[in-house]
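A short worksheet on the structure shown next.
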Amino acid sequence: MQKIIGPENQVHYGVWDGPIEFNHHDFTLLDFFGKEIKGLKKKFAFHSFNYLGIMMEDCLVGIAAVSLGYAYNVFAYLYKFDQGKVYEFDVKGPDLGLALKFPANPDEYEISFKKGKSFLNIRKSHSEGKLLLDANFGNKLEISGEFPYSLITHNPLRVLNPSEPSRWTFTEKCSPLIPDRISVKYEKKELVRDPSRTTMVYDWSGGYLRRETNWYWAAFSSVLPDRTKIGANFAALVNESFFPENAYWIDSERQRVSRCIFDFSHKDPYKPWRLWDEDGRIRLEFEPKGERREKVNLIWTKLYFRQFVGKFSGSFRPEKGKEVQIKDVWGFTEFHRSLW
């Protein structure tokens, strides 16, 4: 198992298809002039988050745990396709390791959060080949599930990239995950009608991100009518100069995409979005239907993001095999700006 940080502070950039030792504590963080950053300033510079998007036949759930070193955020929301957003849970607080425990190890971890009667537990083990999820948000939204998930069977996209000359980010994306068991209840009513058509989008990132970070993001997952399992993750403004965070999966076969263009109106983001790449591997249109947004403007930190839910239609053209068409597949897009 190779360490991501080697001798003489060397960061082993690249695509990681095998297990890693996430020895981020061994990294020497440097400031603009090459002076070492230590103590709380280094702790506050390390950010990590885990996002899960659960797609069902007539609704979806978004869940996130975010650790910024100095503050945490845990949120979840339920979006019904015929009603819009019907429930949202959002808790923030100082990141003291009390309410939220977020160990930084993308291969083996257990994230745990508890505040009052609300809790979130995400346990993932690539060595055991599974991800476990157990949550209760506000005594209204209850989720329990087990998903097979391993490096061998699911071929996630795992890349380690420079963020700045002295910073880096590791990320792991995969879609879709299909549950062995799943229950999603809202106000005690079961929302999962067919577990075999329930899917999950997975996104984990951690590292020393840029002080000012921006990105566009899109992801979705689905089991098509012919039982083909399909999922995708696309991003822009992050790592186009190094190892892109773009891929789609057809029956767990991963197809990497070099660059993805997000063509949409900032003035009216409810107009259709276009996603495409110069090699013609993807041609997608996204129709936004609703959103979750947040705006924070403090002295030391700023955040503005809008995460949209809606429907994707278009085509994928793999290097091998036939073209795959999709229509009205629900998923997410987002634009994110932060000063952290």
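Following the order of the structure tokens, chains are lettered A, B, ..., residues in each are numbered from 1, and ligands are numbered from 1.
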Shell of 9 Å around segment 208-219 of chain A, only C-alpha atoms, local chain residues under 5 positions omitted, as a ChimeraX atom specification: /A:29,42,45-48,53,162-164,166-169,175,201,231-238,262,275,307,331-340
Serialized selection, N, CA, C and O atoms, as a tab-separated table (two decimals), in the first residue's frame:
```
chain	number	residue	atom	x	y	z
A	29	LEU	N	2.84	21.80	5.08
A	29	LEU	CA	2.11	22.85	4.39
A	29	LEU	C	2.92	24.14	4.43
A	29	LEU	O	3.44	24.54	5.49
A	42	LYS	N	-2.64	25.07	10.20
A	42	LYS	CA	-2.59	23.91	9.32
A	42	LYS	C	-3.87	23.09	9.46
A	42	LYS	O	-4.42	22.63	8.45
A	45	ALA	N	-6.68	24.55	7.59
A	45	ALA	CA	-6.52	24.54	6.13
A	45	ALA	C	-6.96	23.22	5.51
A	45	ALA	O	-7.16	23.14	4.29
A	46	PHE	N	-7.10	22.16	6.34
A	46	PHE	CA	-7.50	20.86	5.80
A	46	PHE	C	-9.02	20.75	5.82
A	46	PHE	O	-9.66	20.89	6.86
A	47	HIS	N	-9.61	20.49	4.65
A	47	HIS	CA	-11.06	20.38	4.51
A	47	HIS	C	-11.41	19.00	3.96
A	47	HIS	O	-10.68	18.45	3.12
A	48	SER	N	-12.54	18.46	4.39
A	48	SER	CA	-13.00	17.18	3.85
A	48	SER	C	-14.52	17.16	3.85
A	48	SER	O	-15.16	17.79	4.70
A	53	GLY	N	-25.98	11.00	-2.68
A	53	GLY	CA	-27.26	11.33	-3.29
A	53	GLY	C	-28.02	10.05	-3.59
A	53	GLY	O	-27.57	9.22	-4.39
A	162	PRO	N	-2.72	18.62	-7.58
A	162	PRO	CA	-2.31	19.87	-6.95
A	162	PRO	C	-3.50	20.82	-6.87
A	162	PRO	O	-4.32	20.90	-7.80
A	163	SER	N	-3.60	21.56	-5.76
A	163	SER	CA	-4.59	22.63	-5.65
A	163	SER	C	-3.94	23.98	-5.90
A	163	SER	O	-4.49	24.86	-6.53
A	164	GLU	N	-2.75	24.15	-5.32
A	164	GLU	CA	-1.89	25.31	-5.51
A	164	GLU	C	-0.46	24.76	-5.51
A	164	GLU	O	-0.27	23.55	-5.32
A	166	SER	N	1.58	24.63	-3.21
A	166	SER	CA	1.88	23.93	-1.95
A	166	SER	C	0.65	23.27	-1.35
A	166	SER	O	0.62	23.00	-0.15
A	167	ARG	N	-0.35	22.98	-2.15
A	167	ARG	CA	-1.57	22.36	-1.64
A	167	ARG	C	-2.03	21.27	-2.60
A	167	ARG	O	-1.63	21.23	-3.75
A	168	TRP	N	-2.91	20.38	-2.10
A	168	TRP	CA	-3.38	19.26	-2.92
A	168	TRP	C	-4.77	18.82	-2.45
A	168	TRP	O	-5.20	19.14	-1.34
A	169	THR	N	-5.45	18.07	-3.32
A	169	THR	CA	-6.78	17.54	-3.01
A	169	THR	C	-6.88	16.12	-3.54
A	169	THR	O	-6.49	15.84	-4.68
A	175	SER	N	-20.56	6.17	-9.26
A	175	SER	CA	-22.00	6.14	-9.47
A	175	SER	C	-22.30	5.09	-10.57
A	175	SER	O	-21.57	5.03	-11.56
A	201	VAL	N	-25.33	8.15	-5.66
A	201	VAL	CA	-24.16	8.89	-6.11
A	201	VAL	C	-23.23	9.05	-4.91
A	201	VAL	O	-23.67	9.42	-3.82
A	231	GLY	N	-24.19	5.86	-14.43
A	231	GLY	CA	-23.93	6.95	-13.51
A	231	GLY	C	-22.85	7.85	-14.07
A	231	GLY	O	-22.14	7.48	-15.01
A	232	ALA	N	-22.72	9.04	-13.49
A	232	ALA	CA	-21.73	9.99	-14.01
A	232	ALA	C	-21.34	10.99	-12.94
A	232	ALA	O	-22.10	11.27	-12.01
A	233	ASN	N	-20.13	11.52	-13.10
A	233	ASN	CA	-19.64	12.63	-12.29
A	233	ASN	C	-18.80	13.53	-13.19
A	233	ASN	O	-17.86	13.07	-13.84
A	234	PHE	N	-19.15	14.81	-13.23
A	234	PHE	CA	-18.41	15.77	-14.04
A	234	PHE	C	-18.13	17.02	-13.20
A	234	PHE	O	-18.94	17.42	-12.36
A	235	ALA	N	-16.99	17.64	-13.44
A	235	ALA	CA	-16.61	18.85	-12.71
A	235	ALA	C	-15.80	19.76	-13.61
A	235	ALA	O	-15.12	19.31	-14.53
A	236	ALA	N	-15.87	21.04	-13.31
A	236	ALA	CA	-15.06	22.03	-14.02
A	236	ALA	C	-14.59	23.09	-13.03
A	236	ALA	O	-15.13	23.22	-11.94
A	237	LEU	N	-13.56	23.81	-13.43
A	237	LEU	CA	-12.90	24.85	-12.63
A	237	LEU	C	-12.06	24.28	-11.50
A	237	LEU	O	-11.60	25.02	-10.64
A	238	VAL	N	-11.85	22.96	-11.47
A	238	VAL	CA	-11.07	22.37	-10.38
A	238	VAL	C	-9.71	21.90	-10.86
A	238	VAL	O	-8.69	22.49	-10.51
A	262	PHE	N	-19.40	23.21	-18.98
A	262	PHE	CA	-20.71	23.50	-18.40
A	262	PHE	C	-21.22	24.79	-19.05
A	262	PHE	O	-20.69	25.87	-18.79
A	275	LEU	N	-23.96	20.13	-21.17
A	275	LEU	CA	-22.67	19.57	-20.77
A	275	LEU	C	-22.11	18.80	-21.95
A	275	LEU	O	-22.80	17.94	-22.52
A	307	GLN	N	-27.26	24.25	-5.44
A	307	GLN	CA	-27.30	22.86	-5.92
A	307	GLN	C	-28.68	22.60	-6.50
A	307	GLN	O	-29.68	22.69	-5.80
A	331	GLY	N	-30.88	13.91	-11.37
A	331	GLY	CA	-29.56	14.06	-10.78
A	331	GLY	C	-29.34	15.47	-10.28
A	331	GLY	O	-30.30	16.24	-10.06
A	332	PHE	N	-28.07	15.84	-10.13
A	332	PHE	CA	-27.68	17.10	-9.50
A	332	PHE	C	-26.74	17.89	-10.40
A	332	PHE	O	-25.93	17.32	-11.12
A	333	THR	N	-26.84	19.20	-10.31
A	333	THR	CA	-25.78	20.10	-10.77
A	333	THR	C	-25.55	21.12	-9.66
A	333	THR	O	-26.38	21.30	-8.77
A	334	GLU	N	-24.41	21.81	-9.76
A	334	GLU	CA	-24.08	22.78	-8.70
A	334	GLU	C	-23.05	23.75	-9.18
A	334	GLU	O	-22.15	23.39	-9.95
A	335	PHE	N	-23.17	25.02	-8.76
A	335	PHE	CA	-22.02	25.90	-8.82
A	335	PHE	C	-21.73	26.37	-7.40
A	335	PHE	O	-22.62	26.64	-6.60
A	336	HIS	N	-20.45	26.41	-7.09
A	336	HIS	CA	-19.98	26.59	-5.73
A	336	HIS	C	-18.84	27.60	-5.72
A	336	HIS	O	-17.91	27.50	-6.51
A	337	ARG	N	-18.93	28.55	-4.81
A	337	ARG	CA	-17.85	29.52	-4.60
A	337	ARG	C	-17.61	29.61	-3.11
A	337	ARG	O	-18.55	29.76	-2.33
A	338	SER	N	-16.35	29.56	-2.69
A	338	SER	CA	-16.06	29.65	-1.27
A	338	SER	C	-14.71	30.32	-1.04
A	338	SER	O	-13.79	30.20	-1.83
A	339	LEU	N	-14.65	31.04	0.06
A	339	LEU	CA	-13.41	31.59	0.57
A	339	LEU	C	-13.26	31.02	1.97
A	339	LEU	O	-13.98	31.40	2.89
A	340	TRP	N	-12.37	30.03	2.12
A	340	TRP	CA	-12.31	29.30	3.38
A	340	TRP	C	-10.86	29.01	3.76
A	340	TRP	O	-10.59	28.24	4.66
```
DSSP strand (DSSP E or B) selection over segment 90-208 of chain A, as a count of residues only: 75
Spatial neighbours of Arg254 of chain A, 10 Å, only C-alpha atoms, chain gap at least 4 places, as a ChimeraX atom specification: /A:154-157,174-175,230-232,247-250,318
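The residue that comes closest to Arg197 of chain A, out of A:Met56, A:Phe147, A:Ala71, A:Thr171 and on the basis of only C-alpha atoms, is A:Met56.
Between Val329 of chain A and the candidates A:Met55, A:Leu151, A:Ile182, A:Leu100, the tightest atom-to-atom separation, counting only C-alpha atoms, involves A:Met55.
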Who sits within 8 Å of Thr199 of chain A, only C-alpha atoms, same chain under 6 positions skipped, as a list in words: Ile54, Met55, Met56, Pro176, Leu177, Ile178, Pro179, Ser221, Ser222 and Val223 of chain A
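Within the 12 Å cut-off around Ile326 of chain A, using only C-alpha atoms and omitting residues fewer than 4 positions from it on the same chain, the listed residues are A:Phe220, A:Ser221, A:Ser222, A:Val223, A:Leu224, A:Pro225, A:Asp226, A:Thr228, A:Lys229, A:Ile230, A:Gly231, A:Ala232, A:Ile250, A:Ile282, A:Arg283, A:Leu284, A:Glu285, A:Phe286, A:Lys311, A:Phe312, A:Ser313, A:Gly314, A:Ser315, A:Phe316, A:Arg317, A:Trp330.
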Restricting it to N, CA, C and O atoms, dump the selection as a short mmCIF file (atom, residue, chain, number, x, y, z; two decimals), in the first residue's frame.
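Generated file (out_13.cif):
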```
data_model
loop_
_atom_site.label_atom_id
_atom_site.label_comp_id
_atom_site.auth_asym_id
_atom_site.auth_seq_id
_atom_site.Cartn_x
_atom_site.Cartn_y
_atom_site.Cartn_z
N PHE A 220 -25.22 12.01 -11.53
CA PHE A 220 -26.51 11.32 -11.53
C PHE A 220 -26.27 9.82 -11.53
O PHE A 220 -25.16 9.33 -11.76
N SER A 221 -27.32 9.08 -11.26
CA SER A 221 -27.26 7.62 -11.29
C SER A 221 -28.66 7.09 -11.58
O SER A 221 -29.66 7.71 -11.22
N SER A 222 -28.71 5.92 -12.25
CA SER A 222 -30.01 5.37 -12.61
C SER A 222 -29.86 3.93 -13.08
O SER A 222 -28.78 3.51 -13.53
N VAL A 223 -30.93 3.18 -12.97
CA VAL A 223 -31.07 1.89 -13.65
C VAL A 223 -32.06 2.12 -14.78
O VAL A 223 -33.23 2.43 -14.54
N LEU A 224 -31.58 2.02 -16.01
CA LEU A 224 -32.43 2.31 -17.17
C LEU A 224 -33.49 1.21 -17.36
O LEU A 224 -33.38 0.12 -16.78
N PRO A 225 -34.52 1.48 -18.16
CA PRO A 225 -35.57 0.47 -18.37
C PRO A 225 -35.06 -0.88 -18.85
O PRO A 225 -35.66 -1.91 -18.53
N ASP A 226 -33.93 -0.90 -19.59
CA ASP A 226 -33.39 -2.19 -20.03
C ASP A 226 -32.44 -2.80 -19.00
O ASP A 226 -31.72 -3.75 -19.32
N THR A 228 -29.79 -1.50 -17.68
CA THR A 228 -28.43 -0.97 -17.71
C THR A 228 -28.24 -0.02 -16.54
O THR A 228 -29.06 0.89 -16.33
N LYS A 229 -27.15 -0.20 -15.79
CA LYS A 229 -26.84 0.69 -14.67
C LYS A 229 -25.91 1.78 -15.17
O LYS A 229 -24.85 1.50 -15.74
N ILE A 230 -26.30 3.02 -14.95
CA ILE A 230 -25.53 4.13 -15.48
C ILE A 230 -25.36 5.21 -14.43
O ILE A 230 -26.25 5.45 -13.61
N GLY A 231 -24.19 5.86 -14.43
CA GLY A 231 -23.93 6.95 -13.51
C GLY A 231 -22.85 7.85 -14.07
O GLY A 231 -22.14 7.48 -15.01
N ALA A 232 -22.72 9.04 -13.49
CA ALA A 232 -21.73 9.99 -14.01
C ALA A 232 -21.34 10.99 -12.94
O ALA A 232 -22.10 11.27 -12.01
N ILE A 250 -20.94 2.68 -17.09
CA ILE A 250 -22.00 1.88 -17.70
C ILE A 250 -21.81 0.46 -17.20
O ILE A 250 -20.81 -0.19 -17.53
N ILE A 282 -19.53 12.85 -24.45
CA ILE A 282 -20.79 13.16 -23.76
C ILE A 282 -21.48 14.32 -24.46
O ILE A 282 -20.84 15.28 -24.90
N ARG A 283 -22.78 14.22 -24.55
CA ARG A 283 -23.63 15.29 -25.04
C ARG A 283 -24.89 15.24 -24.17
O ARG A 283 -25.76 14.39 -24.36
N LEU A 284 -24.98 16.16 -23.19
CA LEU A 284 -26.06 16.09 -22.22
C LEU A 284 -26.75 17.44 -22.10
O LEU A 284 -26.14 18.50 -22.28
N GLU A 285 -28.03 17.38 -21.78
CA GLU A 285 -28.79 18.56 -21.42
C GLU A 285 -29.42 18.33 -20.05
O GLU A 285 -29.92 17.23 -19.77
N PHE A 286 -29.35 19.34 -19.20
CA PHE A 286 -29.90 19.25 -17.86
C PHE A 286 -31.02 20.27 -17.70
O PHE A 286 -30.84 21.46 -18.01
N LYS A 311 -33.44 16.93 -14.42
CA LYS A 311 -33.41 15.77 -15.30
C LYS A 311 -32.36 15.93 -16.40
O LYS A 311 -32.27 16.97 -17.06
N PHE A 312 -31.58 14.85 -16.58
CA PHE A 312 -30.58 14.78 -17.63
C PHE A 312 -31.12 13.97 -18.82
O PHE A 312 -31.75 12.92 -18.63
N SER A 313 -30.80 14.43 -20.00
CA SER A 313 -31.07 13.68 -21.22
C SER A 313 -29.88 13.85 -22.15
O SER A 313 -29.18 14.87 -22.09
N GLY A 314 -29.64 12.85 -22.99
CA GLY A 314 -28.54 12.95 -23.93
C GLY A 314 -27.91 11.62 -24.22
O GLY A 314 -28.58 10.58 -24.19
N SER A 315 -26.59 11.63 -24.50
CA SER A 315 -25.93 10.41 -24.94
C SER A 315 -24.51 10.31 -24.41
O SER A 315 -23.86 11.32 -24.13
N PHE A 316 -24.03 9.06 -24.31
CA PHE A 316 -22.65 8.73 -23.99
C PHE A 316 -22.09 7.88 -25.13
O PHE A 316 -22.75 6.96 -25.59
N ARG A 317 -20.87 8.19 -25.52
CA ARG A 317 -20.23 7.41 -26.57
C ARG A 317 -18.94 6.82 -26.03
O ARG A 317 -17.89 7.49 -26.03
N TRP A 330 -32.89 11.67 -13.31
CA TRP A 330 -32.75 12.69 -12.27
C TRP A 330 -31.34 12.71 -11.69
O TRP A 330 -30.69 11.67 -11.56
#
```
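Residue neighbourhood of Asp279 of chain A, excluding near-sequence residues (fewer than 3 positions): Val257, Ser258, Arg259, Cys260, Trp276, Ile282 and Arg317 of chain A, at 10 Å, using only C-alpha atoms.
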What are the closest atom pairs, with distances in Å to one decimal, for all residues of segment 206-294 of chain A lying within 8 Å of segment 81-95 of chain A? Consider only C-alpha atoms, order rows by chain and residue number, and present the result as JSON lines.
```
{"residue": "A:Lys289", "atom": "CA", "partner": "A:Gly84", "partner_atom": "CA", "distance": 7.8}
{"residue": "A:Gly290", "atom": "CA", "partner": "A:Gly84", "partner_atom": "CA", "distance": 6.4}
{"residue": "A:Glu291", "atom": "CA", "partner": "A:Lys85", "partner_atom": "CA", "distance": 7.8}
```
